[in-house]
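K.L.:
Supplied structure: start.txt, compact mmCIF, C-alpha atoms.
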```
# COMPACT_ATOMS: atom_id res chain seq x y z
CA MET B 6 -9.83 13.02 8.26
CA PRO B 7 -13.16 12.45 6.45
CA ALA B 8 -15.23 9.33 7.12
CA PHE B 9 -14.51 6.31 4.93
CA SER B 10 -16.83 5.90 1.95
CA TYR B 11 -16.70 3.02 -0.52
CA ARG B 12 -18.59 5.16 -3.00
CA ARG B 13 -16.04 7.96 -2.91
CA THR B 14 -13.17 5.46 -2.97
CA LEU B 15 -14.58 3.67 -6.03
CA ILE B 16 -14.89 7.02 -7.82
CA LEU B 17 -11.24 7.71 -6.99
CA GLY B 18 -10.51 4.22 -8.31
CA PHE B 19 -11.45 5.35 -11.81
CA GLY B 20 -8.07 7.07 -11.95
CA PHE B 21 -6.33 3.79 -11.17
CA LEU B 22 -8.60 2.02 -13.68
CA GLY B 23 -7.39 4.31 -16.45
CA ILE B 24 -3.75 3.91 -15.47
CA SER B 25 -4.00 0.11 -15.24
CA LEU B 26 -5.85 -0.12 -18.55
CA LEU B 27 -3.19 1.86 -20.35
CA TRP B 28 -0.28 -0.08 -18.82
CA GLY B 29 -1.99 -3.41 -19.49
CA ILE B 30 -2.20 -2.66 -23.20
CA TYR B 31 1.31 -1.21 -23.21
CA ASN B 32 2.91 -4.24 -21.54
CA ALA B 33 0.97 -6.70 -23.68
CA TYR B 34 1.65 -5.28 -27.13
CA VAL B 35 4.80 -3.16 -27.06
CA PRO B 36 7.07 -6.20 -26.40
CA LEU B 37 5.46 -7.95 -29.38
CA LEU B 38 6.00 -4.92 -31.63
CA LEU B 39 9.64 -4.76 -30.57
CA GLN B 40 10.35 -8.49 -31.11
CA ALA B 41 8.10 -9.33 -34.09
CA GLY B 42 10.08 -10.02 -37.22
CA ARG B 43 12.87 -11.87 -35.43
CA PRO B 44 13.25 -15.28 -37.12
CA ASP B 45 13.09 -17.31 -33.89
CA PHE B 46 10.19 -15.42 -32.31
CA THR B 47 6.50 -16.24 -32.20
CA LYS B 48 5.34 -17.21 -35.66
CA GLY B 49 1.74 -16.76 -34.54
CA ALA B 50 1.99 -13.20 -33.27
CA GLY B 51 0.72 -11.79 -36.58
CA LEU B 52 2.47 -8.45 -36.23
CA PRO B 53 5.14 -6.46 -38.05
CA GLY B 54 7.86 -5.13 -35.82
CA TYR B 55 11.53 -4.37 -35.24
CA GLY B 56 12.99 -7.87 -34.70
CA LEU B 57 14.80 -7.00 -31.48
CA GLY B 58 16.25 -9.58 -29.07
CA THR B 59 14.96 -10.35 -25.59
CA THR B 60 17.69 -8.43 -23.75
CA ILE B 61 17.19 -5.15 -25.62
CA THR B 62 13.40 -5.63 -25.47
CA GLY B 63 13.63 -6.08 -21.73
CA PHE B 64 15.71 -2.91 -21.49
CA ILE B 65 13.23 -0.87 -23.53
CA MET B 66 10.37 -2.21 -21.42
CA THR B 67 12.13 -0.89 -18.33
CA LEU B 68 12.22 2.69 -19.62
CA ASP B 69 8.81 3.36 -18.07
CA ASN B 70 10.14 2.09 -14.78
CA LEU B 71 13.37 4.09 -15.10
CA ALA B 72 11.38 7.25 -15.73
CA ALA B 73 9.07 6.34 -12.85
CA LEU B 74 12.03 5.78 -10.53
CA LEU B 75 13.33 9.27 -11.23
CA ILE B 76 10.00 11.09 -11.43
CA LEU B 77 7.33 9.44 -9.25
CA PRO B 78 8.97 10.00 -5.84
CA TYR B 79 9.79 13.60 -6.75
CA ILE B 80 6.24 14.31 -7.97
CA GLY B 81 4.78 12.70 -4.85
CA ALA B 82 6.84 14.96 -2.56
CA LEU B 83 6.18 18.00 -4.76
CA SER B 84 2.43 17.40 -4.63
CA ASP B 85 2.64 17.42 -0.82
CA ARG B 86 3.78 21.04 -1.09
CA THR B 87 1.44 22.13 -3.91
CA HIS B 88 -1.33 24.63 -3.12
CA THR B 89 -3.98 25.39 -5.75
CA ARG B 90 -7.74 25.92 -5.82
CA LEU B 91 -8.06 22.38 -7.19
CA GLY B 92 -6.01 20.90 -4.37
CA ARG B 93 -2.58 19.32 -4.17
CA ARG B 94 -3.01 16.29 -6.45
CA ARG B 95 -5.54 17.10 -9.17
CA PRO B 96 -3.49 19.70 -11.08
CA TYR B 97 -1.00 16.96 -12.00
CA ILE B 98 -3.80 14.80 -13.42
CA LEU B 99 -5.02 17.69 -15.55
CA ALA B 100 -1.52 18.33 -16.88
CA GLY B 101 -0.45 14.75 -17.59
CA ALA B 102 -3.45 12.72 -18.72
CA PRO B 103 -4.24 14.46 -22.06
CA VAL B 104 -0.61 14.39 -23.23
CA ALA B 105 -0.23 10.73 -22.23
CA ALA B 106 -3.41 9.77 -24.11
CA MET B 107 -2.33 11.41 -27.36
CA ALA B 108 1.19 9.95 -27.29
CA PHE B 109 -0.11 6.47 -26.37
CA ALA B 110 -2.56 6.45 -29.28
CA ALA B 111 0.32 7.35 -31.62
CA ILE B 112 2.48 4.32 -30.68
CA PRO B 113 0.90 1.77 -33.10
CA LEU B 114 0.52 4.39 -35.83
CA LEU B 115 4.30 4.85 -35.80
CA ASN B 116 5.05 1.10 -35.92
CA GLY B 117 7.22 0.65 -39.00
CA ALA B 118 8.66 4.16 -38.78
CA PRO B 119 12.36 4.46 -37.91
CA LEU B 120 12.93 3.09 -34.43
CA PRO B 121 13.86 6.50 -32.91
CA VAL B 122 10.51 7.92 -34.08
CA PHE B 123 8.64 4.96 -32.61
CA MET B 124 10.58 5.37 -29.37
CA ALA B 125 9.71 9.08 -29.19
CA ALA B 126 6.00 8.25 -28.84
CA ILE B 127 6.85 5.76 -26.09
CA ILE B 128 9.01 8.24 -24.17
CA VAL B 129 6.41 11.02 -24.29
CA THR B 130 3.79 8.56 -23.02
CA LEU B 131 6.01 7.49 -20.14
CA LEU B 132 6.90 11.01 -19.03
CA ALA B 133 3.31 12.26 -19.17
CA MET B 134 1.98 9.23 -17.25
CA ASP B 135 4.56 9.74 -14.53
CA LEU B 136 3.37 13.29 -14.00
CA PHE B 137 0.10 12.14 -12.43
CA ARG B 138 0.46 8.51 -11.27
CA THR B 139 1.72 9.28 -7.75
CA PRO B 140 -0.82 12.08 -7.11
CA VAL B 141 -3.69 9.76 -8.10
CA ILE B 142 -2.56 7.09 -5.65
CA ALA B 143 -1.70 9.61 -2.90
CA LEU B 144 -5.32 10.74 -2.94
CA MET B 145 -6.28 7.44 -1.27
CA PRO B 146 -4.53 8.06 2.07
CA ASP B 147 -5.49 11.74 1.79
CA ILE B 148 -9.20 10.89 2.04
CA THR B 149 -9.05 7.61 4.02
CA PRO B 150 -8.47 6.98 7.75
CA SER B 151 -5.65 4.56 8.62
CA ALA B 152 -8.01 1.85 9.88
CA LYS B 153 -9.73 1.70 6.49
CA ARG B 154 -6.77 2.00 4.14
CA SER B 155 -6.52 -1.73 3.38
CA GLN B 156 -10.21 -1.76 2.48
CA ALA B 157 -9.80 1.44 0.44
CA ASN B 158 -6.76 0.08 -1.38
CA GLY B 159 -8.76 -3.08 -2.05
CA ALA B 160 -11.49 -1.01 -3.68
CA ILE B 161 -8.96 0.96 -5.71
CA ASN B 162 -7.20 -2.23 -6.82
CA LEU B 163 -10.59 -3.65 -7.76
CA MET B 164 -10.97 -0.72 -10.14
CA GLY B 165 -7.40 -1.24 -11.36
CA GLY B 166 -8.24 -4.88 -11.99
CA VAL B 167 -11.30 -3.82 -13.98
CA GLY B 168 -8.97 -1.67 -16.06
CA ALA B 169 -6.64 -4.60 -16.65
CA VAL B 170 -9.57 -6.87 -17.58
CA LEU B 171 -10.73 -4.27 -20.08
CA ALA B 172 -7.18 -4.07 -21.44
CA PHE B 173 -6.80 -7.81 -21.92
CA LEU B 174 -10.38 -8.80 -22.84
CA LEU B 175 -11.58 -5.87 -24.94
CA GLY B 176 -8.03 -5.02 -25.98
CA GLY B 177 -7.51 -8.59 -27.16
CA TRP B 178 -10.83 -8.54 -29.00
CA LEU B 179 -10.09 -5.17 -30.62
CA PHE B 180 -6.75 -6.57 -31.80
CA ARG B 181 -8.59 -8.22 -34.71
CA PHE B 182 -9.36 -4.78 -36.15
CA GLY B 183 -5.71 -3.76 -36.10
CA ILE B 184 -3.01 -3.03 -33.58
CA TRP B 185 -4.17 0.61 -33.45
CA ALA B 186 -7.55 -0.31 -31.95
CA PRO B 187 -6.44 -1.43 -28.43
CA PHE B 188 -4.24 1.66 -28.11
CA ALA B 189 -7.03 4.04 -29.16
CA PHE B 190 -9.39 2.32 -26.72
CA GLY B 191 -6.85 2.64 -23.92
CA ALA B 192 -6.20 6.33 -24.57
CA ILE B 193 -9.88 7.31 -24.66
CA THR B 194 -10.85 5.27 -21.62
CA MET B 195 -7.94 6.61 -19.57
CA LEU B 196 -8.98 10.19 -20.35
CA VAL B 197 -12.60 9.56 -19.35
CA ALA B 198 -11.54 7.75 -16.15
CA CYS B 199 -9.21 10.55 -15.04
CA GLY B 200 -11.95 13.05 -15.84
CA MET B 201 -14.16 11.26 -13.30
CA VAL B 202 -11.56 11.89 -10.59
CA ILE B 203 -11.24 15.56 -11.49
CA ALA B 204 -15.01 16.06 -11.61
CA PHE B 205 -16.13 14.20 -8.49
CA ILE B 206 -13.30 14.02 -5.92
CA ARG B 207 -12.86 16.92 -3.52
CA GLU B 208 -9.54 16.95 -1.69
CA PRO B 209 -9.69 17.63 2.06
CA GLU B 210 -8.19 20.83 3.39
CA GLN B 211 -4.59 20.44 4.53
CA PRO B 212 -3.69 22.43 7.64
CA ALA B 213 -0.89 24.86 6.90
CA GLU B 214 1.21 23.60 9.78
CA ALA B 215 1.02 20.03 8.44
CA GLU B 216 2.55 20.83 5.08
CA GLY B 217 5.84 18.98 4.68
CA GLU B 218 8.81 20.92 3.40
CA ALA B 219 11.22 17.99 3.06
CA SER B 220 12.17 16.73 -0.38
CA VAL B 221 11.84 13.08 -1.30
CA LEU B 222 15.61 12.74 -0.87
CA ASP B 223 15.29 14.03 2.69
CA THR B 224 12.51 11.53 3.35
CA LEU B 225 14.52 8.68 1.86
CA ARG B 226 17.60 9.71 3.84
CA ASN B 227 15.57 9.70 7.05
CA VAL B 228 14.31 6.18 6.33
CA LEU B 229 17.73 4.82 5.37
CA ARG B 230 19.67 6.43 8.21
CA GLY B 231 17.04 6.56 10.92
CA ALA B 232 16.08 4.03 13.56
CA ASP B 233 13.02 2.78 11.65
CA ARG B 234 14.19 -0.68 10.62
CA SER B 235 10.65 -1.69 9.74
CA ALA B 236 10.38 0.90 6.96
CA ARG B 237 13.71 -0.17 5.48
CA ALA B 238 12.84 -3.87 5.64
CA LEU B 239 9.42 -3.29 4.09
CA LEU B 240 10.78 -1.25 1.19
CA LEU B 241 13.38 -3.96 0.50
CA ALA B 242 10.70 -6.66 0.63
CA ILE B 243 8.57 -4.67 -1.83
CA PHE B 244 11.60 -4.38 -4.09
CA PHE B 245 12.12 -8.14 -4.20
CA TRP B 246 8.53 -9.22 -4.73
CA PHE B 247 8.11 -6.68 -7.52
CA LEU B 248 11.43 -7.87 -8.95
CA GLY B 249 9.80 -11.21 -9.71
CA TYR B 250 6.40 -9.86 -10.69
CA ALA B 251 7.74 -7.28 -13.17
CA ALA B 252 9.73 -9.91 -15.03
CA ILE B 253 6.70 -12.13 -15.54
CA GLU B 254 4.43 -9.20 -16.38
CA VAL B 255 6.62 -8.09 -19.26
CA PHE B 256 7.31 -11.51 -20.80
CA TRP B 257 3.95 -13.28 -20.29
CA THR B 258 2.74 -12.71 -23.87
CA SER B 259 6.13 -13.79 -25.19
CA TYR B 260 5.93 -16.97 -23.07
CA ALA B 261 2.36 -17.73 -24.11
CA THR B 262 3.03 -17.27 -27.82
CA ASP B 263 6.40 -19.03 -27.90
CA VAL B 264 5.77 -21.89 -25.41
CA LEU B 265 2.00 -22.41 -25.42
CA GLY B 266 1.57 -21.71 -29.14
CA LEU B 267 -0.97 -18.88 -28.88
CA ASN B 268 -1.17 -15.77 -31.02
CA GLY B 269 -0.77 -12.26 -29.64
CA GLY B 270 -4.49 -11.66 -29.12
CA GLN B 271 -5.06 -15.03 -27.43
CA ALA B 272 -2.06 -14.55 -25.15
CA THR B 273 -3.32 -11.13 -24.11
CA MET B 274 -6.89 -12.32 -23.54
CA LEU B 275 -5.56 -15.13 -21.33
CA LEU B 276 -4.33 -12.48 -18.89
CA THR B 277 -8.00 -11.63 -18.30
CA PHE B 278 -8.13 -14.54 -15.86
CA PHE B 279 -5.31 -13.05 -13.79
CA SER B 280 -6.78 -9.56 -13.76
CA LEU B 281 -10.35 -10.73 -13.17
CA SER B 282 -9.13 -12.69 -10.16
CA ILE B 283 -7.58 -9.49 -8.80
CA VAL B 284 -10.88 -7.69 -9.35
CA ILE B 285 -12.84 -10.32 -7.45
CA CYS B 286 -10.31 -10.65 -4.64
CA SER B 287 -9.33 -7.01 -4.09
CA ILE B 288 -11.98 -6.02 -1.56
CA PRO B 289 -11.82 -9.40 0.25
CA SER B 290 -8.02 -9.00 0.40
CA GLY B 291 -8.44 -5.63 2.13
CA LEU B 292 -10.92 -7.11 4.59
CA ILE B 293 -8.61 -10.06 5.27
CA GLY B 294 -5.69 -7.69 5.84
CA ALA B 295 -7.75 -5.61 8.27
CA ARG B 296 -8.88 -8.70 10.19
CA LEU B 297 -5.80 -10.94 10.20
CA GLY B 298 -3.13 -8.23 9.90
CA ARG B 299 -1.43 -6.93 6.79
CA LYS B 300 1.87 -8.75 7.36
CA ARG B 301 0.26 -12.16 7.80
CA THR B 302 -1.92 -11.62 4.76
CA ILE B 303 1.04 -10.64 2.57
CA THR B 304 2.99 -13.69 3.80
CA VAL B 305 0.22 -16.02 2.62
CA GLY B 306 0.17 -14.19 -0.71
CA LEU B 307 3.93 -14.57 -1.22
CA LEU B 308 3.83 -18.32 -0.59
CA GLY B 309 0.80 -18.84 -2.83
CA PHE B 310 2.02 -16.63 -5.66
CA GLY B 311 5.42 -18.33 -5.68
CA SER B 312 3.75 -21.75 -5.90
CA MET B 313 1.75 -20.67 -8.94
CA LEU B 314 4.87 -19.37 -10.68
CA ILE B 315 6.54 -22.76 -10.20
CA TRP B 316 3.46 -24.36 -11.75
CA GLY B 317 3.91 -22.02 -14.72
CA TYR B 318 7.40 -23.43 -15.25
CA VAL B 319 6.11 -26.99 -15.74
CA LEU B 320 2.90 -26.00 -17.56
CA THR B 321 2.54 -27.53 -21.03
CA ASP B 322 -1.22 -27.38 -21.62
CA ALA B 323 -2.68 -23.95 -22.37
CA THR B 324 -6.09 -25.14 -21.13
CA LEU B 325 -4.71 -25.22 -17.55
CA ALA B 326 -3.27 -21.71 -17.77
CA PRO B 327 -6.56 -20.01 -16.76
CA LEU B 328 -6.68 -21.93 -13.45
CA MET B 329 -3.06 -21.12 -12.70
CA LEU B 330 -3.65 -17.43 -13.49
CA VAL B 331 -6.82 -17.24 -11.37
CA ILE B 332 -5.04 -18.57 -8.27
CA ALA B 333 -1.97 -16.42 -8.97
CA GLY B 334 -4.18 -13.34 -9.24
CA ALA B 335 -5.83 -14.09 -5.89
CA MET B 336 -2.45 -14.51 -4.21
CA TRP B 337 -1.01 -11.38 -5.80
CA SER B 338 -4.07 -9.46 -4.65
CA LEU B 339 -3.26 -10.33 -1.02
CA ILE B 340 0.19 -8.80 -1.51
CA LEU B 341 -0.75 -5.79 -3.61
CA VAL B 342 -3.75 -4.57 -1.64
CA ASN B 343 -2.00 -4.57 1.74
CA SER B 344 1.51 -3.35 0.87
CA LEU B 345 0.82 0.32 0.07
CA PRO B 346 -1.27 0.83 3.26
CA MET B 347 1.64 -0.57 5.29
CA VAL B 348 3.97 2.01 3.76
CA VAL B 349 1.70 5.05 4.16
CA ASP B 350 0.82 4.10 7.75
CA MET B 351 4.51 4.53 8.57
CA ALA B 352 4.38 8.13 7.25
CA PRO B 353 3.85 11.40 9.11
CA PRO B 354 0.50 12.91 7.99
CA GLU B 355 2.21 15.71 6.06
CA ARG B 356 4.32 13.30 3.99
CA LEU B 357 1.76 10.86 2.58
CA GLY B 358 2.77 11.81 -0.96
CA SER B 359 6.46 11.35 -0.13
CA TYR B 360 5.93 7.88 1.32
CA THR B 361 3.74 6.95 -1.63
CA GLY B 362 6.75 8.01 -3.70
CA LEU B 363 9.01 5.73 -1.63
CA TYR B 364 6.64 2.83 -2.35
CA TYR B 365 7.06 3.58 -6.04
CA LEU B 366 10.79 4.00 -5.61
CA ALA B 367 11.01 0.41 -4.34
CA SER B 368 8.60 -1.09 -6.85
CA GLN B 369 9.90 0.79 -9.88
CA SER B 370 13.54 0.02 -9.04
CA ALA B 371 12.55 -3.65 -9.18
CA ALA B 372 10.59 -3.11 -12.36
CA ILE B 373 13.72 -1.66 -13.99
CA LEU B 374 16.02 -4.49 -13.01
CA GLY B 375 13.55 -7.39 -13.30
CA PRO B 376 12.84 -7.43 -17.06
CA VAL B 377 16.48 -6.77 -17.99
CA LEU B 378 17.71 -9.51 -15.68
CA VAL B 379 15.16 -12.09 -16.75
CA GLY B 380 15.60 -11.14 -20.43
CA TRP B 381 19.31 -11.80 -20.05
CA ILE B 382 18.61 -15.13 -18.29
CA ILE B 383 16.13 -16.15 -21.02
CA ALA B 384 18.73 -15.35 -23.68
CA LEU B 385 21.38 -17.41 -21.82
CA ALA B 386 18.90 -20.30 -21.74
CA GLY B 387 18.55 -20.25 -25.52
CA ASN B 388 15.44 -18.03 -25.52
CA ASN B 389 13.63 -20.47 -23.22
CA TYR B 390 10.85 -18.32 -21.75
CA ARG B 391 10.07 -20.93 -19.09
CA VAL B 392 13.09 -19.96 -17.00
CA GLY B 393 11.35 -16.75 -15.93
CA PHE B 394 9.02 -18.92 -13.86
CA LEU B 395 12.00 -20.19 -11.87
CA TYR B 396 13.69 -16.82 -11.40
CA ALA B 397 10.60 -15.07 -10.02
CA PRO B 398 9.89 -17.44 -7.07
CA LEU B 399 13.48 -16.97 -5.90
CA THR B 400 12.89 -13.24 -5.52
CA LEU B 401 9.77 -13.92 -3.46
CA LEU B 402 11.78 -16.24 -1.24
CA ILE B 403 14.19 -13.37 -0.52
CA ALA B 404 11.29 -10.99 0.23
CA LEU B 405 9.72 -13.27 2.83
CA PRO B 406 12.33 -12.98 5.65
CA LEU B 407 12.54 -9.22 5.04
CA LEU B 408 8.80 -8.96 5.56
CA LEU B 409 9.07 -10.90 8.82
CA LEU B 410 11.38 -8.17 10.17
CA VAL B 411 8.66 -5.52 9.77
CA GLN B 412 7.09 -4.49 13.09
CA ARG B 413 5.01 -1.48 11.97
CA GLY B 414 2.49 -0.60 9.30
CA GLU B 415 -0.65 -2.25 10.66
CA ALA B 416 -3.89 -0.25 10.78
CA VAL B 417 -4.24 2.44 13.42
CA PRO B 418 -7.61 2.37 15.29
CA ALA B 419 -10.05 4.82 13.82
CA ALA B 420 -10.43 8.24 15.44
CA PRO B 421 -13.68 10.24 15.37
CA SER B 422 -14.32 11.25 11.76
CA LEU B 423 -15.03 14.62 10.24
CA PRO B 424 -18.07 14.96 8.01
CA GLU B 425 -17.47 13.52 4.56
CA PRO B 426 -16.58 16.15 1.95
CA ALA B 427 -19.29 16.51 -0.64
CA ILE B 428 -18.78 14.85 -4.00
CA ALA B 429 -19.25 17.28 -6.84
CA GLY B 430 -22.85 17.12 -8.00
CA GLU B 431 -24.17 15.93 -4.61
CA ARG B 432 -26.72 17.90 -2.63
```
Can I see the file as structure tokens?
P.N.:
Amino acid sequence: MPAFSYRRTLILGFGFLGISLLWGIYNAYVPLLLQAGRPDFTKGAGLPGYGLGTTITGFIMTLDNLAALLILPYIGALSDRTHTRLGRRRPYILAGAPVAAMAFAAIPLLNGAPLPVFMAAIIVTLLAMDLFRTPVIALMPDITPSAKRSQANGAINLMGGVGAVLAFLLGGWLFRFGIWAPFAFGAITMLVACGMVIAFIREPEQPAEAEGEASVLDTLRNVLRGADRSARALLLAIFFWFLGYAAIEVFWTSYATDVLGLNGGQATMLLTFFSLSIVICSIPSGLIGARLGRKRTITVGLLGFGSMLIWGYVLTDATLAPLMLVIAGAMWSLILVNSLPMVVDMAPPERLGSYTGLYYLASQSAAILGPVLVGWIIALAGNNYRVGFLYAPLTLLIALPLLLLVQRGEAVPAAPSLPEPAIAGER
């Protein structure tokens, strides 16, 4: 295992930056395009659209998660068994990123076309993104010792937060030039960011005897049927806290436009406070997790994040929303930064991609159910978007006792390190 390097990890983080940037723009604007034109929805959004209801919008917004559920774990396990001159992970980035960028840029250009045509651009984007998301993230444990994985994931999430800030701040500003502008910005930036990973990250050699031959279904079966209760409890806890987060993520702009009276650009730019808080807190969250323990750190995050969501339910003044989002981002950072390292530190060395896939299996299952469920609840409540801020804390409350059952996944003490692989261009 090569020595830990913040520099190398931050370069790897460019891949996560590009992914987060693209999804930030997607989640902010696609729900508005789908709902705009409905008589009872957001007079200030300023967009043409398809006039769909909250339930069908929630279902469409879960298609990325449905595709991810079916594809990400499989691709993670497949990349464990891939052998090329470029390594195990990078070929998937080369194959998926260009196609995803082109299809993503086409989404706003097809707004107003028949709905099936519009949906075709969305589906191609989703499938192409899923081809390389797991390999990008699996590179982190590939090049990072166990004892430093919380810190490394903090650095990578910092870069992801930068991507989200760019999505909400610059994407919101570019909105004034037309809905096409944020999407074009996202596509170009994602391509450049993924190019950084391809150009500068060298994957470590994988010993032939360490290559896993099990499929992701075999890995999942071993976790579900084996004696490792900690892995099962952790994956269930991840499912429940993402169940709440995914619901809020999808309907934030709808809430801000309908309840707080903002337009689409203002609602999107407001999310900058949440993402900027994640950027600032990501590395400290990794350090806190390494010092206090990952489970304790996540527990604090669950309690704090749930409290902020309850505040969102009673919030009436948009001027207080930035403070609520800043604290919520800090609390979510404690959860997000330390959860993936807990999962991969339960994995055999030859199955890091498979366990990364299991992490996505849990999170994406929640991301499928969450928006549909909360969209249905919002519709039952007479399209009252506030109720999402009551539903989400309940899911966190379920996750907490599951997390307390986890007995593994803390950092393993560092072993003597191999020399750091050279970054392309270094002498």
K.L.:
For B:Asn343, which residue out of B:Pro327, B:Gly298, B:Gly387, B:Gly266 is the nearest one, using only C-alpha atoms?
P.N.:
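When distances to B:Asn343 are compared using only C-alpha atoms, the smallest one comes from B:Gly298.
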K.L.:
Need the shell around stretch 239-254 of chain B: protein/DNA/RNA residues with any atom at most 6 Å away, counting all atoms listed in the file. Skip same-chain ones fewer than 6 positions apart. Format as a count of residues only?
P.N.:
12
K.L.:
Up to 12 Å from (3.4, -3.9, -27.7) in the file's coordinates: name the residues, counting only C-alpha atoms, as an NGL selection string.
P.N.:
:B and (27-41 or 50 or 52-55 or 62 or 65-66 or 109 or 112-116 or 123-124 or 127 or 176-177 or 180 or 184-185 or 187-188 or 255-259 or 269-270 or 273)
K.L.:
Just how far from atom CA of B:Arg413 is atom CA of B:Leu297, in Å to one decimal?
P.N.:
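Atom CA of B:Arg413 lies at a distance of 14.5 Å from atom CA of B:Leu297.
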K.L.:
Have a look at B:Leu17, B:Gly191, B:Gly317, B:Gly380 and name the one nearest to B:Phe173; count all atoms listed in the file.
P.N.:
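The closest residue to B:Phe173 is B:Gly191.
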K.L.:
Which residue is closest to B:Leu276? Choose from B:Ala238, B:Met164, B:Leu171, B:Leu374 and count all atoms listed in the file.
P.N.:
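Residue with the minimum atom-to-atom distance to B:Leu276: B:Leu171.
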K.L.:
Between B:Leu308, B:Leu281, B:Ala105, B:Ala261, which residue has the minimum interatomic distance to B:Leu402, considering all atoms listed in the file?
P.N.:
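Counting all atoms listed in the file, the residue closest to B:Leu402 is B:Leu308.
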K.L.:
Work out how far atom CA of B:Leu136 is from atom CA of B:Ala160, in Å to one decimal.
P.N.:
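Interatomic distance, atom CA of B:Ala160 to atom CA of B:Leu136: 23.1 Å.
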